[in-house]
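What follows is the content of my_file36.pdb, which has PDB, C-alpha atoms and all ligand atoms:
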```pdb
ATOM      1  CA  MET E   1     -76.004 -16.579  -0.265
ATOM      2  CA  LYS E   2     -73.001 -14.267   0.035
ATOM      3  CA  TRP E   3     -70.070 -14.479  -2.365
ATOM      4  CA  ILE E   4     -66.332 -13.977  -2.516
ATOM      5  CA  ILE E   5     -64.708 -13.646  -5.924
ATOM      6  CA  ASP E   6     -61.194 -15.172  -5.941
ATOM      7  CA  THR E   7     -59.376 -13.954  -9.009
ATOM      8  CA  ASP E   8     -56.136 -13.280 -10.942
ATOM      9  CA  PRO E   9     -57.142 -10.321 -13.174
ATOM     10  CA  GLY E  10     -56.543 -10.863 -16.052
ATOM     11  CA  ILE E  11     -58.688  -9.629 -18.919
ATOM     12  CA  ASP E  12     -61.340 -12.331 -18.746
ATOM     13  CA  ASP E  13     -61.341 -12.050 -14.947
ATOM     14  CA  ALA E  14     -62.179  -8.364 -15.476
ATOM     15  CA  SER E  15     -65.201  -9.259 -17.609
ATOM     16  CA  ALA E  16     -66.323 -11.631 -14.841
ATOM     17  CA  ILE E  17     -65.851  -9.088 -12.043
ATOM     18  CA  ILE E  18     -67.681  -6.357 -14.015
ATOM     19  CA  THR E  19     -70.609  -8.677 -14.716
ATOM     20  CA  ALA E  20     -70.769 -10.179 -11.215
ATOM     21  CA  VAL E  21     -70.690  -6.723  -9.599
ATOM     22  CA  ASN E  22     -72.884  -4.736 -12.008
ATOM     23  CA  SER E  23     -75.492  -7.470 -12.467
ATOM     24  CA  GLY E  24     -76.562  -6.729  -8.897
ATOM     25  CA  ALA E  25     -77.529 -10.400  -8.551
ATOM     26  CA  LEU E  26     -74.730 -11.470  -6.193
ATOM     27  CA  ASP E  27     -74.180 -10.208  -2.639
ATOM     28  CA  ILE E  28     -70.379  -9.846  -2.922
ATOM     29  CA  LEU E  29     -68.474  -9.642   0.384
ATOM     30  CA  GLY E  30     -65.093  -9.065  -1.218
ATOM     31  CA  ILE E  31     -62.586  -9.728  -3.963
ATOM     32  CA  THR E  32     -59.574 -11.894  -3.066
ATOM     33  CA  CYS E  33     -56.601 -11.738  -5.417
ATOM     34  CA  VAL E  34     -54.163 -14.509  -6.203
ATOM     35  CA  HIS E  35     -51.045 -15.045  -8.357
ATOM     36  CA  GLY E  36     -51.851 -16.396 -11.791
ATOM     37  CA  ASN E  37     -52.148 -14.631 -15.124
ATOM     38  CA  VAL E  38     -49.540 -12.209 -13.826
ATOM     39  CA  GLY E  39     -47.867 -11.614 -10.476
ATOM     40  CA  LEU E  40     -49.859 -10.685  -7.381
ATOM     41  CA  GLU E  41     -48.688  -7.059  -7.536
ATOM     42  CA  TYR E  42     -50.567  -6.670 -10.821
ATOM     43  CA  THR E  43     -53.584  -8.869 -10.047
ATOM     44  CA  THR E  44     -54.259  -6.815  -6.905
ATOM     45  CA  ARG E  45     -53.694  -3.522  -8.740
ATOM     46  CA  ASN E  46     -56.060  -4.524 -11.564
ATOM     47  CA  ALA E  47     -58.762  -5.616  -9.119
ATOM     48  CA  LEU E  48     -58.481  -2.339  -7.179
ATOM     49  CA  LYS E  49     -58.647  -0.316 -10.406
ATOM     50  CA  LEU E  50     -61.760  -2.145 -11.632
ATOM     51  CA  ILE E  51     -63.552  -1.618  -8.299
ATOM     52  CA  GLU E  52     -62.507   2.066  -8.351
ATOM     53  CA  LEU E  53     -63.737   2.564 -11.940
ATOM     54  CA  MET E  54     -67.091   0.958 -11.034
ATOM     55  CA  ASP E  55     -67.225   3.065  -7.837
ATOM     56  CA  VAL E  56     -68.781   0.211  -5.837
ATOM     57  CA  GLY E  57     -66.753   0.120  -2.621
ATOM     58  CA  ILE E  58     -66.248  -3.663  -2.504
ATOM     59  CA  PRO E  59     -63.181  -4.548  -0.377
ATOM     60  CA  VAL E  60     -60.169  -6.099  -2.135
ATOM     61  CA  TYR E  61     -57.696  -8.433  -0.409
ATOM     62  CA  GLY E  62     -54.217  -9.584  -1.371
ATOM     63  CA  GLY E  63     -53.653 -13.318  -1.321
ATOM     64  CA  ALA E  64     -51.066 -15.920  -2.211
ATOM     65  CA  SER E  65     -48.167 -14.675  -4.326
ATOM     66  CA  ARG E  66     -47.032 -18.150  -5.448
ATOM     67  CA  PRO E  67     -48.310 -21.701  -5.779
ATOM     68  CA  ILE E  68     -48.069 -24.163  -2.873
ATOM     69  CA  LEU E  69     -45.257 -26.220  -4.373
ATOM     70  CA  GLN E  70     -44.138 -25.332  -7.892
ATOM     71  CA  LYS E  71     -42.666 -22.064  -9.202
ATOM     72  CA  PRO E  72     -45.186 -19.398 -10.347
ATOM     73  CA  GLU E  73     -46.660 -19.876 -13.826
ATOM     74  CA  HIS E  74     -47.918 -16.715 -15.591
ATOM     75  CA  ALA E  75     -49.908 -16.027 -18.793
ATOM     76  CA  SER E  76     -48.712 -12.534 -19.700
ATOM     77  CA  TYR E  77     -48.605 -13.673 -23.342
ATOM     78  CA  VAL E  78     -52.417 -13.660 -23.181
ATOM     79  CA  HIS E  79     -53.079 -10.808 -20.752
ATOM     80  CA  GLY E  80     -50.077  -8.515 -21.217
ATOM     81  CA  THR E  81     -47.255  -7.804 -18.784
ATOM     82  CA  ASP E  82     -49.613  -5.774 -16.575
ATOM     83  CA  GLY E  83     -52.386  -8.380 -16.778
ATOM     84  CA  PHE E  84     -54.622  -5.831 -18.495
ATOM     85  CA  GLY E  85     -53.565  -5.727 -22.119
ATOM     86  CA  ASN E  86     -50.476  -3.571 -21.454
ATOM     87  CA  THR E  87     -52.749  -0.579 -20.914
ATOM     88  CA  PHE E  88     -50.884   0.046 -17.632
ATOM     89  CA  LEU E  89     -53.817   1.625 -15.814
ATOM     90  CA  SER E  90     -52.931   4.502 -13.487
ATOM     91  CA  GLU E  91     -52.300   3.634  -9.831
ATOM     92  CA  PRO E  92     -55.643   3.133  -8.034
ATOM     93  CA  ASN E  93     -56.428   5.509  -5.146
ATOM     94  CA  ILE E  94     -58.180   2.799  -3.120
ATOM     95  CA  LYS E  95     -56.005   0.392  -1.127
ATOM     96  CA  LEU E  96     -55.999  -3.300  -0.242
ATOM     97  CA  GLU E  97     -57.635  -4.376   2.998
ATOM     98  CA  PRO E  98     -55.151  -4.949   5.853
ATOM     99  CA  ILE E  99     -55.862  -8.674   6.369
ATOM    100  CA  HIS E 100     -54.727 -11.478   4.078
ATOM    101  CA  ALA E 101     -57.179 -13.003   1.591
ATOM    102  CA  VAL E 102     -56.886 -16.420   3.258
ATOM    103  CA  ASP E 103     -57.898 -14.965   6.635
ATOM    104  CA  PHE E 104     -60.769 -13.067   5.004
ATOM    105  CA  ILE E 105     -62.098 -16.268   3.405
ATOM    106  CA  ILE E 106     -61.961 -18.031   6.801
ATOM    107  CA  GLU E 107     -63.657 -15.116   8.595
ATOM    108  CA  ALA E 108     -66.418 -14.979   5.965
ATOM    109  CA  ALA E 109     -66.967 -18.755   6.171
ATOM    110  CA  TYR E 110     -67.526 -18.446   9.944
ATOM    111  CA  ALA E 111     -69.724 -15.371   9.639
ATOM    112  CA  ASP E 112     -72.086 -16.835   7.052
ATOM    113  CA  ASP E 113     -73.297 -20.418   6.630
ATOM    114  CA  LYS E 114     -74.204 -19.706   3.044
ATOM    115  CA  LEU E 115     -70.863 -18.647   1.575
ATOM    116  CA  GLY E 116     -70.275 -19.134  -2.132
ATOM    117  CA  LEU E 117     -66.863 -18.840  -3.787
ATOM    118  CA  LEU E 118     -66.543 -17.782  -7.427
ATOM    119  CA  THR E 119     -62.989 -18.819  -8.289
ATOM    120  CA  LEU E 120     -61.404 -17.496 -11.469
ATOM    121  CA  GLY E 121     -57.708 -18.255 -10.954
ATOM    122  CA  PRO E 122     -55.366 -20.798  -9.405
ATOM    123  CA  LEU E 123     -56.914 -22.244  -6.241
ATOM    124  CA  THR E 124     -54.035 -21.394  -3.893
ATOM    125  CA  ASN E 125     -55.995 -19.011  -1.615
ATOM    126  CA  VAL E 126     -58.880 -21.441  -1.217
ATOM    127  CA  ALA E 127     -56.605 -24.428  -0.552
ATOM    128  CA  LEU E 128     -54.568 -22.480   2.030
ATOM    129  CA  ALA E 129     -57.763 -21.362   3.789
ATOM    130  CA  ILE E 130     -58.930 -24.988   3.977
ATOM    131  CA  ALA E 131     -55.475 -26.142   5.155
ATOM    132  CA  LYS E 132     -55.482 -23.450   7.861
ATOM    133  CA  ASP E 133     -58.998 -24.311   9.050
ATOM    134  CA  ARG E 134     -60.350 -27.617   7.861
ATOM    135  CA  SER E 135     -63.877 -26.823   9.119
ATOM    136  CA  LEU E 136     -64.226 -24.755   5.927
ATOM    137  CA  GLU E 137     -64.888 -28.063   4.145
ATOM    138  CA  ASP E 138     -68.271 -27.976   5.883
ATOM    139  CA  ARG E 139     -68.712 -24.203   6.095
ATOM    140  CA  ILE E 140     -68.301 -23.254   2.412
ATOM    141  CA  ASP E 141     -71.667 -23.851   0.778
ATOM    142  CA  ARG E 142     -70.508 -24.097  -2.843
ATOM    143  CA  ILE E 143     -67.773 -23.172  -5.308
ATOM    144  CA  VAL E 144     -68.383 -22.047  -8.876
ATOM    145  CA  MET E 145     -65.070 -22.239 -10.704
ATOM    146  CA  MET E 146     -63.493 -21.759 -14.043
ATOM    147  CA  ALA E 147     -60.967 -24.590 -13.949
ATOM    148  CA  GLY E 148     -59.780 -27.720 -15.600
ATOM    149  CA  THR E 149     -60.711 -29.664 -18.702
ATOM    150  CA  SER E 150     -63.625 -31.988 -19.451
ATOM    151  CA  ARG E 151     -61.873 -33.951 -22.213
ATOM    152  CA  ALA E 152     -58.177 -33.458 -21.355
ATOM    153  CA  ARG E 153     -57.824 -30.735 -24.001
ATOM    154  CA  GLY E 154     -55.390 -28.428 -22.270
ATOM    155  CA  ASN E 155     -54.512 -24.787 -22.955
ATOM    156  CA  THR E 156     -51.267 -24.619 -20.965
ATOM    157  CA  SER E 157     -50.002 -28.209 -21.293
ATOM    158  CA  PRO E 158     -51.425 -30.744 -23.764
ATOM    159  CA  VAL E 159     -53.869 -31.903 -21.080
ATOM    160  CA  ALA E 160     -54.026 -29.158 -18.405
ATOM    161  CA  GLU E 161     -55.936 -25.884 -18.146
ATOM    162  CA  PHE E 162     -54.053 -22.869 -16.720
ATOM    163  CA  ASN E 163     -55.840 -22.407 -13.351
ATOM    164  CA  VAL E 164     -55.169 -26.027 -12.399
ATOM    165  CA  PHE E 165     -51.742 -26.258 -14.062
ATOM    166  CA  ALA E 166     -50.575 -23.146 -12.185
ATOM    167  CA  ASP E 167     -51.132 -24.885  -8.824
ATOM    168  CA  PRO E 168     -52.128 -28.559  -9.130
ATOM    169  CA  GLU E 169     -51.652 -29.249  -5.398
ATOM    170  CA  ALA E 170     -54.094 -26.469  -4.509
ATOM    171  CA  ALA E 171     -56.634 -27.763  -7.016
ATOM    172  CA  ALA E 172     -56.255 -31.313  -5.658
ATOM    173  CA  VAL E 173     -56.980 -30.069  -2.113
ATOM    174  CA  VAL E 174     -60.123 -28.211  -3.205
ATOM    175  CA  PHE E 175     -61.557 -30.998  -5.373
ATOM    176  CA  ASP E 176     -60.926 -33.562  -2.609
ATOM    177  CA  THR E 177     -62.909 -31.627   0.032
ATOM    178  CA  GLY E 178     -66.334 -32.764  -1.175
ATOM    179  CA  ILE E 179     -67.562 -29.125  -1.242
ATOM    180  CA  PRO E 180     -70.227 -28.915  -4.021
ATOM    181  CA  ILE E 181     -68.446 -27.570  -7.088
ATOM    182  CA  THR E 182     -69.850 -26.227 -10.338
ATOM    183  CA  MET E 183     -66.981 -26.453 -12.805
ATOM    184  CA  VAL E 184     -66.673 -24.583 -16.101
ATOM    185  CA  PRO E 185     -63.923 -26.365 -18.065
ATOM    186  CA  TRP E 186     -61.756 -24.998 -20.846
ATOM    187  CA  GLU E 187     -63.534 -26.918 -23.616
ATOM    188  CA  THR E 188     -66.868 -25.331 -22.717
ATOM    189  CA  CYS E 189     -65.229 -21.898 -22.912
ATOM    190  CA  LEU E 190     -63.957 -22.712 -26.411
ATOM    191  CA  ASP E 191     -67.542 -23.558 -27.385
ATOM    192  CA  THR E 192     -68.807 -20.240 -25.988
ATOM    193  CA  LEU E 193     -66.770 -17.668 -27.909
ATOM    194  CA  LEU E 194     -67.924 -14.039 -28.183
ATOM    195  CA  GLY E 195     -67.790 -12.870 -31.784
ATOM    196  CA  PRO E 196     -67.711  -9.667 -33.877
ATOM    197  CA  ASP E 197     -71.171  -8.381 -32.828
ATOM    198  CA  THR E 198     -70.248  -8.408 -29.142
ATOM    199  CA  ILE E 199     -66.776  -7.005 -29.833
ATOM    200  CA  ARG E 200     -68.347  -4.165 -31.830
ATOM    201  CA  GLU E 201     -70.655  -3.307 -28.912
ATOM    202  CA  LEU E 202     -67.768  -3.462 -26.409
ATOM    203  CA  ARG E 203     -65.769  -0.973 -28.487
ATOM    204  CA  LYS E 204     -68.741   1.420 -28.335
ATOM    205  CA  SER E 205     -68.959   1.359 -24.536
ATOM    206  CA  LEU E 206     -68.836   4.821 -22.969
ATOM    207  CA  THR E 207     -68.592   3.895 -19.278
ATOM    208  CA  PRO E 208     -65.176   4.257 -17.572
ATOM    209  CA  VAL E 209     -64.923   0.510 -16.931
ATOM    210  CA  GLY E 210     -66.220  -0.270 -20.413
ATOM    211  CA  GLN E 211     -63.559   1.886 -22.024
ATOM    212  CA  ALA E 212     -60.856   0.377 -19.806
ATOM    213  CA  PHE E 213     -61.945  -3.145 -20.729
ATOM    214  CA  SER E 214     -62.317  -2.287 -24.413
ATOM    215  CA  ASN E 215     -58.746  -0.937 -24.477
ATOM    216  CA  ALA E 216     -57.396  -3.977 -22.643
ATOM    217  CA  MET E 217     -59.124  -6.534 -24.876
ATOM    218  CA  GLU E 218     -57.365  -5.165 -27.995
ATOM    219  CA  PHE E 219     -54.168  -6.908 -26.819
ATOM    220  CA  THR E 220     -55.905 -10.293 -26.732
ATOM    221  CA  LEU E 221     -57.733  -9.668 -30.007
ATOM    222  CA  LYS E 222     -54.480  -8.873 -31.819
ATOM    223  CA  GLY E 223     -53.026 -12.197 -30.710
ATOM    224  CA  ILE E 224     -56.134 -14.155 -31.676
ATOM    225  CA  GLU E 225     -56.453 -12.458 -35.073
ATOM    226  CA  ALA E 226     -52.763 -13.061 -35.805
ATOM    227  CA  SER E 227     -53.116 -16.787 -35.108
ATOM    228  CA  MET E 228     -56.704 -17.446 -36.172
ATOM    229  CA  GLY E 229     -57.304 -14.804 -38.839
ATOM    230  CA  GLN E 230     -60.434 -13.445 -37.184
ATOM    231  CA  GLU E 231     -61.508 -11.613 -34.028
ATOM    232  CA  PHE E 232     -63.237 -13.413 -31.177
ATOM    233  CA  LEU E 233     -62.998 -13.420 -27.376
ATOM    234  CA  VAL E 234     -62.635 -16.457 -25.100
ATOM    235  CA  LEU E 235     -63.799 -14.931 -21.809
ATOM    236  CA  CYS E 236     -63.588 -18.069 -19.653
ATOM    237  CA  ASP E 237     -64.126 -16.375 -16.314
ATOM    238  CA  LEU E 238     -67.133 -14.431 -17.632
ATOM    239  CA  ILE E 239     -68.871 -17.771 -18.247
ATOM    240  CA  ALA E 240     -68.241 -18.920 -14.669
ATOM    241  CA  ALA E 241     -69.541 -15.595 -13.330
ATOM    242  CA  CYS E 242     -72.709 -15.908 -15.438
ATOM    243  CA  VAL E 243     -73.221 -19.470 -14.160
ATOM    244  CA  ALA E 244     -73.068 -18.147 -10.585
ATOM    245  CA  ILE E 245     -75.432 -15.259 -11.430
ATOM    246  CA  ASP E 246     -77.979 -17.288 -13.429
ATOM    247  CA  PRO E 247     -77.556 -21.095 -13.572
ATOM    248  CA  SER E 248     -80.040 -21.188 -16.485
ATOM    249  CA  VAL E 249     -77.139 -20.253 -18.776
ATOM    250  CA  VAL E 250     -75.979 -23.880 -18.412
ATOM    251  CA  LYS E 251     -77.603 -25.919 -21.208
ATOM    252  CA  GLU E 252     -75.871 -29.270 -20.649
ATOM    253  CA  LYS E 253     -74.225 -30.630 -17.500
ATOM    254  CA  ALA E 254     -73.083 -33.865 -15.856
ATOM    255  CA  SER E 255     -72.666 -34.947 -12.236
ATOM    256  CA  VAL E 256     -69.141 -36.326 -11.855
ATOM    257  CA  THR E 257     -66.203 -36.915  -9.553
ATOM    258  CA  VAL E 258     -62.986 -35.046 -10.339
ATOM    259  CA  ARG E 259     -59.471 -35.813  -9.213
ATOM    260  CA  VAL E 260     -56.369 -33.762 -10.017
ATOM    261  CA  GLU E 261     -53.229 -35.446 -11.301
ATOM    262  CA  THR E 262     -50.219 -33.978  -9.472
ATOM    263  CA  CYS E 263     -47.501 -36.540 -10.260
ATOM    264  CA  GLY E 264     -47.655 -37.400 -13.949
ATOM    265  CA  ARG E 265     -44.629 -36.299 -15.971
ATOM    266  CA  TYR E 266     -46.879 -35.427 -18.937
ATOM    267  CA  SER E 267     -50.239 -35.197 -17.162
ATOM    268  CA  ARG E 268     -49.553 -32.943 -14.155
ATOM    269  CA  GLY E 269     -52.535 -30.587 -13.735
ATOM    270  CA  LEU E 270     -54.952 -32.884 -15.584
ATOM    271  CA  THR E 271     -58.473 -32.900 -14.103
ATOM    272  CA  VAL E 272     -59.403 -36.584 -14.246
ATOM    273  CA  ILE E 273     -63.157 -36.718 -14.844
ATOM    274  CA  ASP E 274     -64.845 -39.915 -13.590
ATOM    275  CA  GLU E 275     -68.060 -39.541 -15.628
ATOM    276  CA  ARG E 276     -69.113 -43.205 -15.289
ATOM    277  CA  ASN E 277     -68.314 -43.185 -11.545
ATOM    278  CA  ILE E 278     -65.911 -46.120 -11.912
ATOM    279  CA  GLU E 279     -64.295 -45.189  -8.597
ATOM    280  CA  GLY E 280     -67.670 -45.344  -6.847
ATOM    281  CA  ALA E 281     -67.063 -42.038  -5.039
ATOM    282  CA  GLU E 282     -69.966 -39.649  -4.300
ATOM    283  CA  PRO E 283     -69.998 -37.158  -7.260
ATOM    284  CA  ASN E 284     -69.469 -33.602  -5.948
ATOM    285  CA  VAL E 285     -68.886 -31.776  -9.216
ATOM    286  CA  THR E 286     -71.460 -30.419 -11.665
ATOM    287  CA  LEU E 287     -69.525 -30.237 -14.928
ATOM    288  CA  CYS E 288     -70.874 -27.533 -17.250
ATOM    289  CA  LEU E 289     -70.670 -29.001 -20.751
ATOM    290  CA  ALA E 290     -72.556 -26.310 -22.701
ATOM    291  CA  CYS E 291     -73.598 -22.720 -21.940
ATOM    292  CA  ASP E 292     -75.786 -20.172 -23.724
ATOM    293  CA  ARG E 293     -73.462 -17.824 -25.609
ATOM    294  CA  GLU E 294     -76.114 -15.209 -26.449
ATOM    295  CA  GLN E 295     -77.384 -15.049 -22.867
ATOM    296  CA  ILE E 296     -73.825 -14.586 -21.569
ATOM    297  CA  ALA E 297     -72.988 -11.913 -24.154
ATOM    298  CA  GLY E 298     -76.146 -10.028 -23.193
ATOM    299  CA  MET E 299     -75.364 -10.220 -19.470
ATOM    300  CA  PHE E 300     -71.844  -8.848 -20.100
ATOM    301  CA  LEU E 301     -72.971  -5.980 -22.358
ATOM    302  CA  ASN E 302     -75.652  -4.950 -19.849
ATOM    303  CA  ALA E 303     -73.074  -4.990 -17.062
ATOM    304  CA  ILE E 304     -70.339  -3.105 -18.906
ATOM    305  CA  ASN E 305     -72.745  -0.302 -19.847
ATOM    306  CA  HIS E 306     -74.270  -0.138 -16.356
ATOM    307  CA  GLN E 307     -74.284   3.390 -14.945
ATOM    308  CA  ASN E 308     -74.350   3.746 -11.147
TER     309      ASN E 308
HETATM  310  O1  LIG E 401     -57.495 -21.202 -18.559
HETATM  311  C1  LIG E 401     -58.168 -19.966 -18.468
HETATM  312  C2  LIG E 401     -58.072 -19.416 -17.089
HETATM  313  O2  LIG E 401     -56.704 -19.129 -16.782
HETATM  314  C3  LIG E 401     -58.806 -18.078 -16.915
HETATM  315  O3  LIG E 401     -59.215 -17.957 -15.588
HETATM  316  C4  LIG E 401     -57.749 -17.066 -17.218
HETATM  317  O4  LIG E 401     -58.002 -15.805 -16.594
HETATM  318  C5  LIG E 401     -56.542 -17.713 -16.605
HETATM  319  O5  LIG E 401     -56.565 -17.412 -15.211
HETATM  320 CA    CA E 402     -58.539 -15.975 -14.316
END
```

Please re-express this file's structure in structure tokens.
Amino acid sequence: MKWIIDTDPGIDDASAIITAVNSGALDILGITCVHGNVGLEYTTRNALKLIELMDVGIPVYGGASRPILQKPEHASYVHGTDGFGNTFLSEPNIKLEPIHAVDFIIEAAYADDKLGLLTLGPLTNVALAIAKDRSLEDRIDRIVMMAGTSRARGNTSPVAEFNVFADPEAAAVVFDTGIPITMVPWETCLDTLLGPDTIRELRKSLTPVGQAFSNAMEFTLKGIEASMGQEFLVLCDLIAACVAIDPSVVKEKASVTVRVETCGRYSRGLTVIDERNIEGAEPNVTLCLACDREQIAGMFLNAINHQN
């Protein structure tokens, strides 16, 4: 199985990329960047900087700079203006690959019949690749994604999670393909918080990427402490990366069908979970309802302290 990580770094995306790369468990063909937490100019720059700090030589591609239909939606209030905790990392020396992320995804899907996608942002790149070449519906082996909600408990609208809310049309295309999807919803991320012990260890990290992440996470921690009175990290994308690396981190799951609401005035971006299969469609989504927090924290700390 070869993998592409599609991402909008993003602080939690960074934790996912560090763990996916340094775990050594995934054969990663490339990193494709997409608009999302911040604009594409920053998501690409952050991805390049992370790959440079880890000195791993994985190619990085620029992708879609806006959603398919609606205006761009960003989350700089969570990730900082630069998408990395307002640490404004220095300009990376390495450069983006010359082809577009969508074309890279298509090329990889033709080159390998066992292509996995780990998607950590809005699904615009993946949807555009499928729209450009529909055979990808049969060529992509599986998608592990952080996206959506399991109980309509939204983080960006009352019912919608950011990655789906930021491009509902793209999400609807991807969920409707029938490609096997393993979905980590927002509620599961809220149940898998990383607490003071992990934060303490992250602050002690001496690797270049560990120090960069530790500096960036302070921005998020300040916001969480101000509103919740204590420090913890909700690293959604890290959970999805760990699920791709080692599915044993999933402790409870359900086989469901998912549709994306694109028209509702109040429900646009809602992932409609048909758990009792009322529609009678063939379930194509494994919904991750609970994950092992300690196992995930350990995988991240091992990765962030990994020395090449
Ligand atoms: O809702 C959380 C998701 O939206 C995460 O992927 C985060 O990075 C943002 O992209
Ligand atoms: Ca993300």

Got a sec: who's within 7 Å of E:Asn125, counting all atoms listed in the file, leaving out chain neighbours fewer than 4 positions off, as a PDB file with C-alpha atoms, in the coordinates of the input?
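Contents of part-v7.pdb, as written:
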```pdb
ATOM      1  CA  VAL E  34     -54.163 -14.509  -6.203  1.00  0.00           C
ATOM      2  CA  GLY E  63     -53.653 -13.318  -1.321  1.00  0.00           C
ATOM      3  CA  ALA E  64     -51.066 -15.920  -2.211  1.00  0.00           C
ATOM      4  CA  ALA E 101     -57.179 -13.003   1.591  1.00  0.00           C
ATOM      5  CA  VAL E 102     -56.886 -16.420   3.258  1.00  0.00           C
ATOM      6  CA  ALA E 129     -57.763 -21.362   3.789  1.00  0.00           C
TER       7      ALA E 129
END
```

- [ ] Using only C-alpha atoms and all ligand atoms, determine which residues fall within 6 Å of ligand LIG 401 (chain E), then list them as number ranges by chain.
- [x] E: 8, 10, 12-13, 36-37, 120-121, 146, 161-163, 236-237

Based on the selection just made, write C-alpha atoms of those residues as a compact mmCIF listing (two decimals), in the coordinates of the input.
```
# COMPACT_ATOMS: atom_id res chain seq x y z
CA ASP E 8 -56.14 -13.28 -10.94
CA GLY E 10 -56.54 -10.86 -16.05
CA ASP E 12 -61.34 -12.33 -18.75
CA ASP E 13 -61.34 -12.05 -14.95
CA GLY E 36 -51.85 -16.40 -11.79
CA ASN E 37 -52.15 -14.63 -15.12
CA LEU E 120 -61.40 -17.50 -11.47
CA GLY E 121 -57.71 -18.26 -10.95
CA MET E 146 -63.49 -21.76 -14.04
CA GLU E 161 -55.94 -25.88 -18.15
CA PHE E 162 -54.05 -22.87 -16.72
CA ASN E 163 -55.84 -22.41 -13.35
CA CYS E 236 -63.59 -18.07 -19.65
CA ASP E 237 -64.13 -16.38 -16.31
```

re atom CA of E:Gly83 and atom CA of E:Ala108: distance 27.5 Å

Calculate how many Å separate atom CA of E:Ala170 from atom CA of E:Trp3, rounding to one decimal.
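We find that atom CA of E:Ala170 and atom CA of E:Trp3 lie 20.1 Å from each other.
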
Judged by all atoms listed in the file, the minimum distance to ligand CA 402 (chain E) among E:Leu89, E:Val126, E:Ala166, E:Ile94 is found for E:Ala166

Nearby residues (all atoms listed in the file) at most 12 Å from E:Leu190, same-chain spacing under 4 positions excluded, as a ChimeraX atom specification: /E:149-150,153-155,161,184-186,194-195,232-237,239,289-291,293

Output C-alpha atoms of each residue in that selection to a file, as a PDB file, in the frame of the given file.
```
ATOM      1  CA  THR E 149     -60.711 -29.664 -18.702  1.00  0.00           C
ATOM      2  CA  SER E 150     -63.625 -31.988 -19.451  1.00  0.00           C
ATOM      3  CA  ARG E 153     -57.824 -30.735 -24.001  1.00  0.00           C
ATOM      4  CA  GLY E 154     -55.390 -28.428 -22.270  1.00  0.00           C
ATOM      5  CA  ASN E 155     -54.512 -24.787 -22.955  1.00  0.00           C
ATOM      6  CA  GLU E 161     -55.936 -25.884 -18.146  1.00  0.00           C
ATOM      7  CA  VAL E 184     -66.673 -24.583 -16.101  1.00  0.00           C
ATOM      8  CA  PRO E 185     -63.923 -26.365 -18.065  1.00  0.00           C
ATOM      9  CA  TRP E 186     -61.756 -24.998 -20.846  1.00  0.00           C
ATOM     10  CA  LEU E 194     -67.924 -14.039 -28.183  1.00  0.00           C
ATOM     11  CA  GLY E 195     -67.790 -12.870 -31.784  1.00  0.00           C
ATOM     12  CA  PHE E 232     -63.237 -13.413 -31.177  1.00  0.00           C
ATOM     13  CA  LEU E 233     -62.998 -13.420 -27.376  1.00  0.00           C
ATOM     14  CA  VAL E 234     -62.635 -16.457 -25.100  1.00  0.00           C
ATOM     15  CA  LEU E 235     -63.799 -14.931 -21.809  1.00  0.00           C
ATOM     16  CA  CYS E 236     -63.588 -18.069 -19.653  1.00  0.00           C
ATOM     17  CA  ASP E 237     -64.126 -16.375 -16.314  1.00  0.00           C
ATOM     18  CA  ILE E 239     -68.871 -17.771 -18.247  1.00  0.00           C
ATOM     19  CA  LEU E 289     -70.670 -29.001 -20.751  1.00  0.00           C
ATOM     20  CA  ALA E 290     -72.556 -26.310 -22.701  1.00  0.00           C
ATOM     21  CA  CYS E 291     -73.598 -22.720 -21.940  1.00  0.00           C
ATOM     22  CA  ARG E 293     -73.462 -17.824 -25.609  1.00  0.00           C
TER      23      ARG E 293
END
```

| message | Please expand the PyMOL selection byres (((chain E and resi 197-207) around 9) and not hetatm) into the concrete residues it hits in this file, giving the result as JSON, numbers by chain. | response | {"E": [53, 54, 194, 195, 196, 208, 209, 210, 211, 212, 213, 214, 215, 231, 232, 233, 297, 298, 301, 304, 305, 306, 307]}

For the selection just defined, write its residues with C-alpha atoms to a file, as a JSON list (two decimals), in the coordinates of the input.
```json
[["chain", "number", "residue", "atom", "x", "y", "z"],
["E", 53, "LEU", "CA", -63.74, 2.56, -11.94],
["E", 54, "MET", "CA", -67.09, 0.96, -11.03],
["E", 194, "LEU", "CA", -67.92, -14.04, -28.18],
["E", 195, "GLY", "CA", -67.79, -12.87, -31.78],
["E", 196, "PRO", "CA", -67.71, -9.67, -33.88],
["E", 208, "PRO", "CA", -65.18, 4.26, -17.57],
["E", 209, "VAL", "CA", -64.92, 0.51, -16.93],
["E", 210, "GLY", "CA", -66.22, -0.27, -20.41],
["E", 211, "GLN", "CA", -63.56, 1.89, -22.02],
["E", 212, "ALA", "CA", -60.86, 0.38, -19.81],
["E", 213, "PHE", "CA", -61.94, -3.14, -20.73],
["E", 214, "SER", "CA", -62.32, -2.29, -24.41],
["E", 215, "ASN", "CA", -58.75, -0.94, -24.48],
["E", 231, "GLU", "CA", -61.51, -11.61, -34.03],
["E", 232, "PHE", "CA", -63.24, -13.41, -31.18],
["E", 233, "LEU", "CA", -63.00, -13.42, -27.38],
["E", 297, "ALA", "CA", -72.99, -11.91, -24.15],
["E", 298, "GLY", "CA", -76.15, -10.03, -23.19],
["E", 301, "LEU", "CA", -72.97, -5.98, -22.36],
["E", 304, "ILE", "CA", -70.34, -3.10, -18.91],
["E", 305, "ASN", "CA", -72.74, -0.30, -19.85],
["E", 306, "HIS", "CA", -74.27, -0.14, -16.36],
["E", 307, "GLN", "CA", -74.28, 3.39, -14.94]]
```

- Point-to-point distance in Å for atom CA of E:Ile278 and atom CA of E:Ile179: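 Computing it gives 20.1 Å between the two atoms.
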